[in-house]
Amino acid sequence: MADTSIDRSVTPLCEMRDMQKAFGGIRAVDHVTVNVYPGEVVGILGHNGAGKSVLMKMLSGAYQRDGGQIFVNGEEVQINNPRDARAYNIETIYQTLALADNLDAASNLFLGRELTTRLGFLDDQSMESETRKIMSRLNPNFRRYSTPVAGLSGGQRQSVAIARAVYFDAKILIMDEPTAALGVEETRMVAELIGELKRQGIGIFLIDHDIHQVKQLCDRASVMKNGRLVGTVNVDEVTEDDLLGMIILGKNPKAEAA
Amino acid sequence: MTEATTSHDPSEPARNKRTLFQNLEIDTRLLGMIGAFLLIAIVFNIMTEGRFLTPRNVFNLTIQTVSVAIMATGMVFVIVTRHIDLSVGALLATVSATMAVTQTDLLPTMLGLELGSPLIAPITILFGAIVGTIIGAFHGYLIGYLAIPAFIVTLGGLFVWRNVAWHITSGQTVGPLDPQFVSLGGIDGTLGETGSWVFGALAALFTLYLLFGARRRKVSHGFPVKPIWAEILIAGVALAAILGFVWILNSYDIPDRRLERMFAARGEVMPEGYTAGYGVPLSVLLLIIVAAAMMVVAQRTRLGRYIFAAGGNPEAAALSGINTRLLTVKVFAIVGFLCALSAVVASARLNFHSNDVGTLDELRVIAAAVIGGTALSGGIGTIYGAILGALIMQSLQSGMAMVGVEAPYQNIVVGIVLVLAVFIDIVYRKRTGV
């Protein structure tokens with residue numbers, strides 16, 4: 001799936017430069033730099049505790065960075081909370097799905113950004129109507145608009161989470177193991193969707209554990225170990241074993257060659 | 001919709017045969033609670049040989065329920081956001097003491113308002129509402145921003161405010177209260193028969209407007225709607241309930257001697273054979289307004305949506321950019337405000353402030369919310385459920401008192417009913433998968 005048409009001579013869509021974050025004495029993210037170009041999928045790989053999610057949460061505004069800079073279209077931006085991130089069209093699909101189980105699909109999709117009537121009351125009908133439109137595109141079989149999402153399958157929940165990012169016009173998308181809870185067919189659906197988002201020029205950071213899937217979906221991969229960046233490689237130029245070596249041993253195949 | 005009680009999906013296409021309840025799209029839990037309430041009423045009516053369902057007793061039952069029911073609507077928000085408030089009864093006492101001193105002492109001496117001035121009641125109530133809201137917001141600040149568990153903050157609050165109330169009045173009973181103020185307590189302030197019918201008609205029209213407005217909006221978006229017979233049936237039941245309630249309260253006649261005094265006060269003589277009903281008490285009107293406002297907040301505002309979202313998944317709410325700390329402050333401020341309103345009703349009903357006003361109300365309020373289907377695990381609860389819960393508890397207690405059950409036994413029964421109600425709720429949720 002790696003795409004040779006990505007133009008990396010332009011300014012990156014998003015760059016996180018020299019990012020740092022510590023919890024107590026532990027350096028969860030230690031001087032890490034990653035970037036993504038328009039229409040590119042960058043895998044963020046590493047063991048549990050390598051710092052992938054912390055890195056991405058600094059971009060989505062869930063954590064505040066201790067040091068480093070974030071650039072969107074070459075301009076430095078300040079992201080201190082999820083609202084800031086959204087203002088720069090940075091959307092996140094979380095591993096835990098971040099859905100309120102007791103609310104229906106439309107309420108979740110618009111959570112924090114509700115449509116209101118002129119008097120300032122919630123416009124549930126318009127929200128449901130919009131939800132139906134976007135869901136008919138992403139998951140045409142979806143019918144359960146008025147039940148709490150607790151009752152939905154993993155795939156249905158994931159499509160609600162993805163719809164949330166797509167509806168609000170994400171330019172930069174963070175996906176935290178989007179297929180972890182899904183079956184084969186649902187995983188294929190998500191993979192197709194990622195392809196479509198790429199064609200629209202969206203830049204995607206994809207946190208993933210599945211090396212095989214990374215080879216299929218990602219253009220580049222940035223590997224982290226113990227909070228540090230092991231290296232960033234073009235997925236086409238390395239084998240699955242190379243990637244595993246980076247993840248497990250922290251061994252950069254390029255460095256070895258040189 | 002948001003209150004997470006709908007147990008089926010009306011847009012499911014593969015449903016060719018729908019049951020009666022599915023057609024009506026009524027929350028079956030609500031029906032269950034109404035059923036339980038009616039059962040209690042009928043059983044007590046039989047046991048008391050018809051005394052339980054007399055207009056007089058229904059009237060008393062409603063005015064006894066108001067104070068707890070008002071606070072219970074706020075407790076729903078607290079419990080939905082996974083908190084608890086043990087201080088509502090004590091907070092009620094502090095506000096009650098503040099208002100008692102304000103109207104009998106502060107305003108007459110400091111502002112020089114004459115006792116009986118029409119300004120006393122409004123200023124007192126406004127002041128009480130501000131005090132209640134500030135204390136509630138302060139609780140919310142400790143819970144939301146300083147991350148002290150709500151249980152601890154409000155347990156501390158229970159000790160503090162109960163005794164601040166004692167301090168304000170030096171432990172004394174303060175009364176009699178301003179007559180206008182007292183009219184909000186129940187029997188001393190009612191709409192009268194004509195006023196009650198006007199109110200009933202307005203409430204009926206408003207209900208119809210809501211029901212058919214909702215249907216029209218659905219149709220305009222091309223969403224499925226329930227069959228028209230179902231709409232008419234629901235509207236009919238709602239109207240019958242509203243007008244029936246007004247009719248019962250209007251049937252409670254004001255005693256002759258009291259009527260004579262009322263005529264005498266206006267310098268008139270009561271005509272022979274004159275009768276008049278009490279009608280809807282102002283305190284009940286207040287409860288209805290509070291309930292309507294709280295339901296609108298719960299279902300139609302961002303604040304309500306965020307309360308339920310934060311209760312369902314606090315992390316998701318925070319990641320969606322919702323300021324959950326400020327939300328906690330708002331929720332407890334609302335409860336503080338409602339405690340102040342309840343303080344008005346409770347002290348006005350007694351016509352004085354006493355030290356023990358609101359004692360154990362925190363437990364009644366929590367029980368009302370929980371019997372009404374509010375889940376302590378958060379995210380689930382309804383305003384109307386809490387009010388029904390308060391009514392069920394009050395009916396049980398009044399009914400048992402009428403039958404001659406001694407107070408300690410009454411409490412035993414109420415405790416068992418509380419646990420049983422929650423158990424039934426758990427079983428119900430498992431069955432329906434909500």
# chains A, B, ... in the order shown; residues from 1 in each chain; ligands from 1

$ residues_around --residues "Asp7 of chain A" --least-positions-apart "3" --cutoff "12 Å" --atoms "only C-alpha atoms" --output "ChimeraX atom specification"
/A:3-4,10-13,36-40,201,219

$ residues_around --residues "Gly89 of chain B" --least-positions-apart "4" --cutoff "10 Å" --atoms "only C-alpha atoms" --output "list of chain:residue names"
B:Val68, B:Met71, B:Asp85, B:Ala93, B:Thr94, B:Gly157, B:Leu158, B:Trp161, B:Arg162, B:Cys339, B:Ser342, B:Ala343, B:Asp356, B:Val357, B:Gly358, B:Thr359, B:Leu360, B:Asp361, B:Glu362, B:Leu363, B:Arg364, B:Val365

$ write_last_selection --atoms "N, CA and C atoms" --output "PDB file, in the first residue's frame"
ATOM      1  N   VAL B  68     -38.431  17.422  49.035  1.00  0.00           N
ATOM      2  CA  VAL B  68     -37.509  16.341  48.658  1.00  0.00           C
ATOM      3  C   VAL B  68     -37.436  16.196  47.136  1.00  0.00           C
ATOM      4  N   MET B  71     -35.116  18.767  45.394  1.00  0.00           N
ATOM      5  CA  MET B  71     -33.692  18.441  45.539  1.00  0.00           C
ATOM      6  C   MET B  71     -33.329  17.178  44.756  1.00  0.00           C
ATOM      7  N   ASP B  85     -24.151  13.587  46.863  1.00  0.00           N
ATOM      8  CA  ASP B  85     -24.212  14.773  47.712  1.00  0.00           C
ATOM      9  C   ASP B  85     -24.925  14.415  49.010  1.00  0.00           C
ATOM     10  N   ALA B  93     -30.847  23.422  55.627  1.00  0.00           N
ATOM     11  CA  ALA B  93     -30.997  24.032  56.954  1.00  0.00           C
ATOM     12  C   ALA B  93     -30.258  25.373  57.036  1.00  0.00           C
ATOM     13  N   THR B  94     -29.038  25.409  56.479  1.00  0.00           N
ATOM     14  CA  THR B  94     -28.282  26.663  56.516  1.00  0.00           C
ATOM     15  C   THR B  94     -29.011  27.767  55.749  1.00  0.00           C
ATOM     16  N   GLY B 157     -19.489  18.586  54.506  1.00  0.00           N
ATOM     17  CA  GLY B 157     -20.518  19.620  54.364  1.00  0.00           C
ATOM     18  C   GLY B 157     -21.713  19.343  55.263  1.00  0.00           C
ATOM     19  N   LEU B 158     -22.063  18.058  55.403  1.00  0.00           N
ATOM     20  CA  LEU B 158     -23.179  17.669  56.268  1.00  0.00           C
ATOM     21  C   LEU B 158     -22.943  18.157  57.703  1.00  0.00           C
ATOM     22  N   TRP B 161     -22.604  22.420  57.537  1.00  0.00           N
ATOM     23  CA  TRP B 161     -23.778  23.276  57.269  1.00  0.00           C
ATOM     24  C   TRP B 161     -24.907  23.042  58.261  1.00  0.00           C
ATOM     25  N   ARG B 162     -25.034  21.798  58.739  1.00  0.00           N
ATOM     26  CA  ARG B 162     -26.053  21.536  59.755  1.00  0.00           C
ATOM     27  C   ARG B 162     -25.799  22.423  60.978  1.00  0.00           C
ATOM     28  N   CYS B 339     -31.495  23.305  46.646  1.00  0.00           N
ATOM     29  CA  CYS B 339     -31.605  23.191  48.102  1.00  0.00           C
ATOM     30  C   CYS B 339     -32.212  24.470  48.674  1.00  0.00           C
ATOM     31  N   SER B 342     -35.863  24.400  48.048  1.00  0.00           N
ATOM     32  CA  SER B 342     -36.477  23.464  48.992  1.00  0.00           C
ATOM     33  C   SER B 342     -36.520  24.061  50.391  1.00  0.00           C
ATOM     34  N   ALA B 343     -35.504  24.851  50.731  1.00  0.00           N
ATOM     35  CA  ALA B 343     -35.489  25.495  52.038  1.00  0.00           C
ATOM     36  C   ALA B 343     -36.665  26.464  52.165  1.00  0.00           C
ATOM     37  N   ASP B 356     -33.980  21.465  63.231  1.00  0.00           N
ATOM     38  CA  ASP B 356     -33.931  20.133  62.619  1.00  0.00           C
ATOM     39  C   ASP B 356     -34.567  20.106  61.228  1.00  0.00           C
ATOM     40  N   VAL B 357     -34.807  21.282  60.634  1.00  0.00           N
ATOM     41  CA  VAL B 357     -35.412  21.282  59.299  1.00  0.00           C
ATOM     42  C   VAL B 357     -34.460  20.577  58.327  1.00  0.00           C
ATOM     43  N   GLY B 358     -35.030  19.677  57.529  1.00  0.00           N
ATOM     44  CA  GLY B 358     -34.216  18.986  56.528  1.00  0.00           C
ATOM     45  C   GLY B 358     -33.366  17.855  57.066  1.00  0.00           C
ATOM     46  N   THR B 359     -33.504  17.524  58.353  1.00  0.00           N
ATOM     47  CA  THR B 359     -32.699  16.426  58.893  1.00  0.00           C
ATOM     48  C   THR B 359     -33.035  15.122  58.166  1.00  0.00           C
ATOM     49  N   LEU B 360     -32.008  14.411  57.751  1.00  0.00           N
ATOM     50  CA  LEU B 360     -32.114  13.142  57.012  1.00  0.00           C
ATOM     51  C   LEU B 360     -32.656  13.303  55.597  1.00  0.00           C
ATOM     52  N   ASP B 361     -32.850  14.565  55.167  1.00  0.00           N
ATOM     53  CA  ASP B 361     -33.340  14.756  53.797  1.00  0.00           C
ATOM     54  C   ASP B 361     -32.349  14.225  52.772  1.00  0.00           C
ATOM     55  N   GLU B 362     -31.032  14.304  53.089  1.00  0.00           N
ATOM     56  CA  GLU B 362     -30.048  13.823  52.109  1.00  0.00           C
ATOM     57  C   GLU B 362     -30.337  12.366  51.752  1.00  0.00           C
ATOM     58  N   LEU B 363     -30.721  11.579  52.756  1.00  0.00           N
ATOM     59  CA  LEU B 363     -30.982  10.166  52.481  1.00  0.00           C
ATOM     60  C   LEU B 363     -32.281   9.990  51.701  1.00  0.00           C
ATOM     61  N   ARG B 364     -33.285  10.790  52.032  1.00  0.00           N
ATOM     62  CA  ARG B 364     -34.552  10.703  51.285  1.00  0.00           C
ATOM     63  C   ARG B 364     -34.333  11.109  49.831  1.00  0.00           C
ATOM     64  N   VAL B 365     -33.536  12.151  49.650  1.00  0.00           N
ATOM     65  CA  VAL B 365     -33.306  12.665  48.295  1.00  0.00           C
ATOM     66  C   VAL B 365     -32.542  11.640  47.458  1.00  0.00           C
TER      67      VAL B 365
END

$ residues_around --residues "Gly112 of chain A" --least-positions-apart "2" --cutoff "8 Å" --atoms "only C-alpha atoms" --output "PyMOL selection string"
(chain A and resi 110+114) or (chain B and resi 306+317+320-322)

$ closest_atom_pairs --of "chain A" --to "chain B" --cutoff "9 Å" --atoms "only C-alpha atoms" --output "Markdown table"
| residue | atom | partner | partner_atom | distance |
| --- | --- | --- | --- | --- |
| A:Ser60 | CA | B:Leu319 | CA | 8.5 |
| A:Gly61 | CA | B:Leu319 | CA | 8.1 |
| A:Ala62 | CA | B:Leu319 | CA | 6.4 |
| A:Asn81 | CA | B:Gly321 | CA | 7.1 |
| A:Pro82 | CA | B:Gly321 | CA | 5.0 |
| A:Arg83 | CA | B:Gly321 | CA | 5.1 |
| A:Asp84 | CA | B:Gly321 | CA | 8.7 |
| A:Arg86 | CA | B:Gly321 | CA | 8.7 |
| A:Thr96 | CA | B:Ala316 | CA | 8.9 |
| A:Leu97 | CA | B:Ala316 | CA | 8.1 |
| A:Ala98 | CA | B:Ala316 | CA | 4.3 |
| A:Leu99 | CA | B:Ala316 | CA | 5.7 |
| A:Ala100 | CA | B:Asn313 | CA | 4.8 |
| A:Asp101 | CA | B:Gly312 | CA | 5.8 |
| A:Asn102 | CA | B:Gly312 | CA | 5.4 |
| A:Leu103 | CA | B:Thr2 | CA | 5.6 |
| A:Asp104 | CA | B:Thr2 | CA | 7.0 |
| A:Ser107 | CA | B:Thr2 | CA | 7.6 |
| A:Asn108 | CA | B:Ala309 | CA | 8.3 |
| A:Leu111 | CA | B:Ser320 | CA | 6.3 |
| A:Gly112 | CA | B:Ser320 | CA | 5.5 |
| A:Arg113 | CA | B:Ser320 | CA | 8.4 |
| A:Glu114 | CA | B:Arg302 | CA | 7.2 |
| A:Thr116 | CA | B:Thr301 | CA | 8.4 |
| A:Gly120 | CA | B:Thr301 | CA | 7.4 |
| A:Phe121 | CA | B:Thr301 | CA | 5.1 |
| A:Leu122 | CA | B:Arg300 | CA | 4.9 |
| A:Asp123 | CA | B:Arg300 | CA | 7.7 |
| A:Asp124 | CA | B:Arg300 | CA | 8.1 |
| A:Gln125 | CA | B:Lys218 | CA | 6.8 |
| A:Ser126 | CA | B:His221 | CA | 7.6 |
| A:Ser129 | CA | B:His221 | CA | 6.9 |
| A:Arg143 | CA | B:Glu12 | CA | 6.3 |
| A:Arg144 | CA | B:Asp9 | CA | 6.4 |
| A:Tyr145 | CA | B:Ser11 | CA | 7.4 |
| A:Ser146 | CA | B:Asp9 | CA | 5.8 |
| A:Thr147 | CA | B:Asp9 | CA | 6.0 |
| A:Pro148 | CA | B:Ala4 | CA | 6.2 |
| A:Ala150 | CA | B:Val434 | CA | 7.8 |
| A:Gly151 | CA | B:Val434 | CA | 7.4 |

$ atom_distance --atom1 "atom CA of Ile371 of chain B" --atom2 "atom CA of Gly415 of chain B"
10.9 Å

$ residues_around --residues "Ala161 of chain A" --least-positions-apart "3" --cutoff "9 Å" --atoms "only C-alpha atoms" --output "MDAnalysis selection string"
chainID A and resid 92:94 97:99 108:109 156:158 164:166

$ write_last_selection --atoms "N, CA, C and O atoms" --output "mmCIF file, in the first residue's frame"
data_model
loop_
_atom_site.group_PDB
_atom_site.id
_atom_site.type_symbol
_atom_site.label_atom_id
_atom_site.label_comp_id
_atom_site.auth_asym_id
_atom_site.auth_seq_id
_atom_site.Cartn_x
_atom_site.Cartn_y
_atom_site.Cartn_z
ATOM 1 N N THR A 92 -8.694 12.648 16.578
ATOM 2 C CA THR A 92 -8.112 11.433 17.129
ATOM 3 C C THR A 92 -9.157 10.341 17.243
ATOM 4 O O THR A 92 -10.288 10.606 17.653
ATOM 5 N N ILE A 93 -8.766 9.148 16.854
ATOM 6 C CA ILE A 93 -9.621 7.984 17.098
ATOM 7 C C ILE A 93 -8.882 7.137 18.120
ATOM 8 O O ILE A 93 -7.840 6.568 17.834
ATOM 9 N N TYR A 94 -9.404 7.085 19.323
ATOM 10 C CA TYR A 94 -8.688 6.448 20.425
ATOM 11 C C TYR A 94 -8.896 4.955 20.449
ATOM 12 O O TYR A 94 -9.922 4.434 20.033
ATOM 13 N N LEU A 97 -11.720 3.950 22.123
ATOM 14 C CA LEU A 97 -12.865 4.432 21.357
ATOM 15 C C LEU A 97 -13.462 5.725 21.891
ATOM 16 O O LEU A 97 -14.106 6.442 21.171
ATOM 17 N N ALA A 98 -13.237 6.036 23.139
ATOM 18 C CA ALA A 98 -13.683 7.313 23.676
ATOM 19 C C ALA A 98 -15.116 7.656 23.302
ATOM 20 O O ALA A 98 -15.427 8.747 22.886
ATOM 21 N N LEU A 99 -15.984 6.673 23.427
ATOM 22 C CA LEU A 99 -17.401 6.949 23.222
ATOM 23 C C LEU A 99 -18.107 6.912 24.574
ATOM 24 O O LEU A 99 -17.719 6.144 25.447
ATOM 25 N N ASN A 108 -22.767 11.021 20.331
ATOM 26 C CA ASN A 108 -21.333 10.784 20.406
ATOM 27 C C ASN A 108 -20.589 11.490 19.286
ATOM 28 O O ASN A 108 -19.544 12.088 19.509
ATOM 29 N N LEU A 109 -21.160 11.409 18.091
ATOM 30 C CA LEU A 109 -20.483 12.011 16.954
ATOM 31 C C LEU A 109 -20.306 13.510 17.168
ATOM 32 O O LEU A 109 -19.274 14.085 16.842
ATOM 33 N N GLN A 156 -19.200 -1.452 14.637
ATOM 34 C CA GLN A 156 -20.138 -0.332 14.572
ATOM 35 C C GLN A 156 -19.644 0.840 15.412
ATOM 36 O O GLN A 156 -19.714 1.992 14.995
ATOM 37 N N ARG A 157 -19.112 0.503 16.578
ATOM 38 C CA ARG A 157 -18.571 1.561 17.437
ATOM 39 C C ARG A 157 -17.406 2.257 16.752
ATOM 40 O O ARG A 157 -17.287 3.476 16.774
ATOM 41 N N GLN A 158 -16.539 1.447 16.136
ATOM 42 C CA GLN A 158 -15.393 2.041 15.467
ATOM 43 C C GLN A 158 -15.848 2.941 14.328
ATOM 44 O O GLN A 158 -15.267 4.000 14.114
ATOM 45 N N ARG A 164 -16.802 10.442 13.405
ATOM 46 C CA ARG A 164 -16.603 11.675 14.151
ATOM 47 C C ARG A 164 -15.416 12.458 13.570
ATOM 48 O O ARG A 164 -15.484 13.656 13.381
ATOM 49 N N ALA A 165 -14.334 11.735 13.287
ATOM 50 C CA ALA A 165 -13.155 12.409 12.740
ATOM 51 C C ALA A 165 -13.412 12.904 11.318
ATOM 52 O O ALA A 165 -13.066 14.030 10.960
ATOM 53 N N VAL A 166 -14.063 12.052 10.524
ATOM 54 C CA VAL A 166 -14.267 12.395 9.121
ATOM 55 C C VAL A 166 -15.253 13.552 8.990
ATOM 56 O O VAL A 166 -15.049 14.488 8.225
#

$ closest_residue --among "A:Val190, A:Val34, A:Ile202, A:Met224" --to "Asp18 of chain A" --atoms "only C-alpha atoms"
A:Val34

$ select_by_dssp --residues "segment 20-231 of chain A" --states "strand (DSSP E)" --output "JSON, numbers by chain"
{"A": [20, 21, 22, 23, 26, 27, 28, 29, 30, 31, 32, 33, 34, 35, 36, 41, 42, 43, 44, 45, 67, 68, 69, 70, 71, 72, 75, 76, 77, 90, 91, 92, 93, 172, 173, 174, 175, 176, 203, 204, 205, 206, 207, 220, 221, 222, 223, 224, 225, 228, 229, 230, 231]}

$ closest_residue --among "A:Ala22, A:Ala105, A:Ile247, A:Ile90" --to "Gln64 of chain A" --atoms "only C-alpha atoms"
A:Ala22

$ atom_distance --atom1 "atom CA of Trp247 of chain B" --atom2 "atom CA of Gly277 of chain B"
9.6 Å

$ residues_around --residues "segment 176-188 of chain A" --least-positions-apart "5" --cutoff "7 Å" --atoms "only C-alpha atoms" --output "list in words"
Ile93, Tyr94, Gln95, Gly154, Gly155, Leu206, Ile207 and Asp208 of chain A

$ select_by_dssp --residues "segment 101-243 of chain A" --states "helix (DSSP H, G or I)" --output "MDAnalysis selection string"
chainID A and resid 105:109 124:138 149:151 154:167 184:199 211:217 235:237 240:243

$ atom_distance --atom1 "atom CA of Ile426 of chain B" --atom2 "atom CA of Ile366 of chain B"
17.1 Å

$ residues_around --residues "Phe127 of chain B" --least-positions-apart "6" --cutoff "9 Å" --atoms "only C-alpha atoms" --output "NGL selection string"
:B and (98-99 or 102)
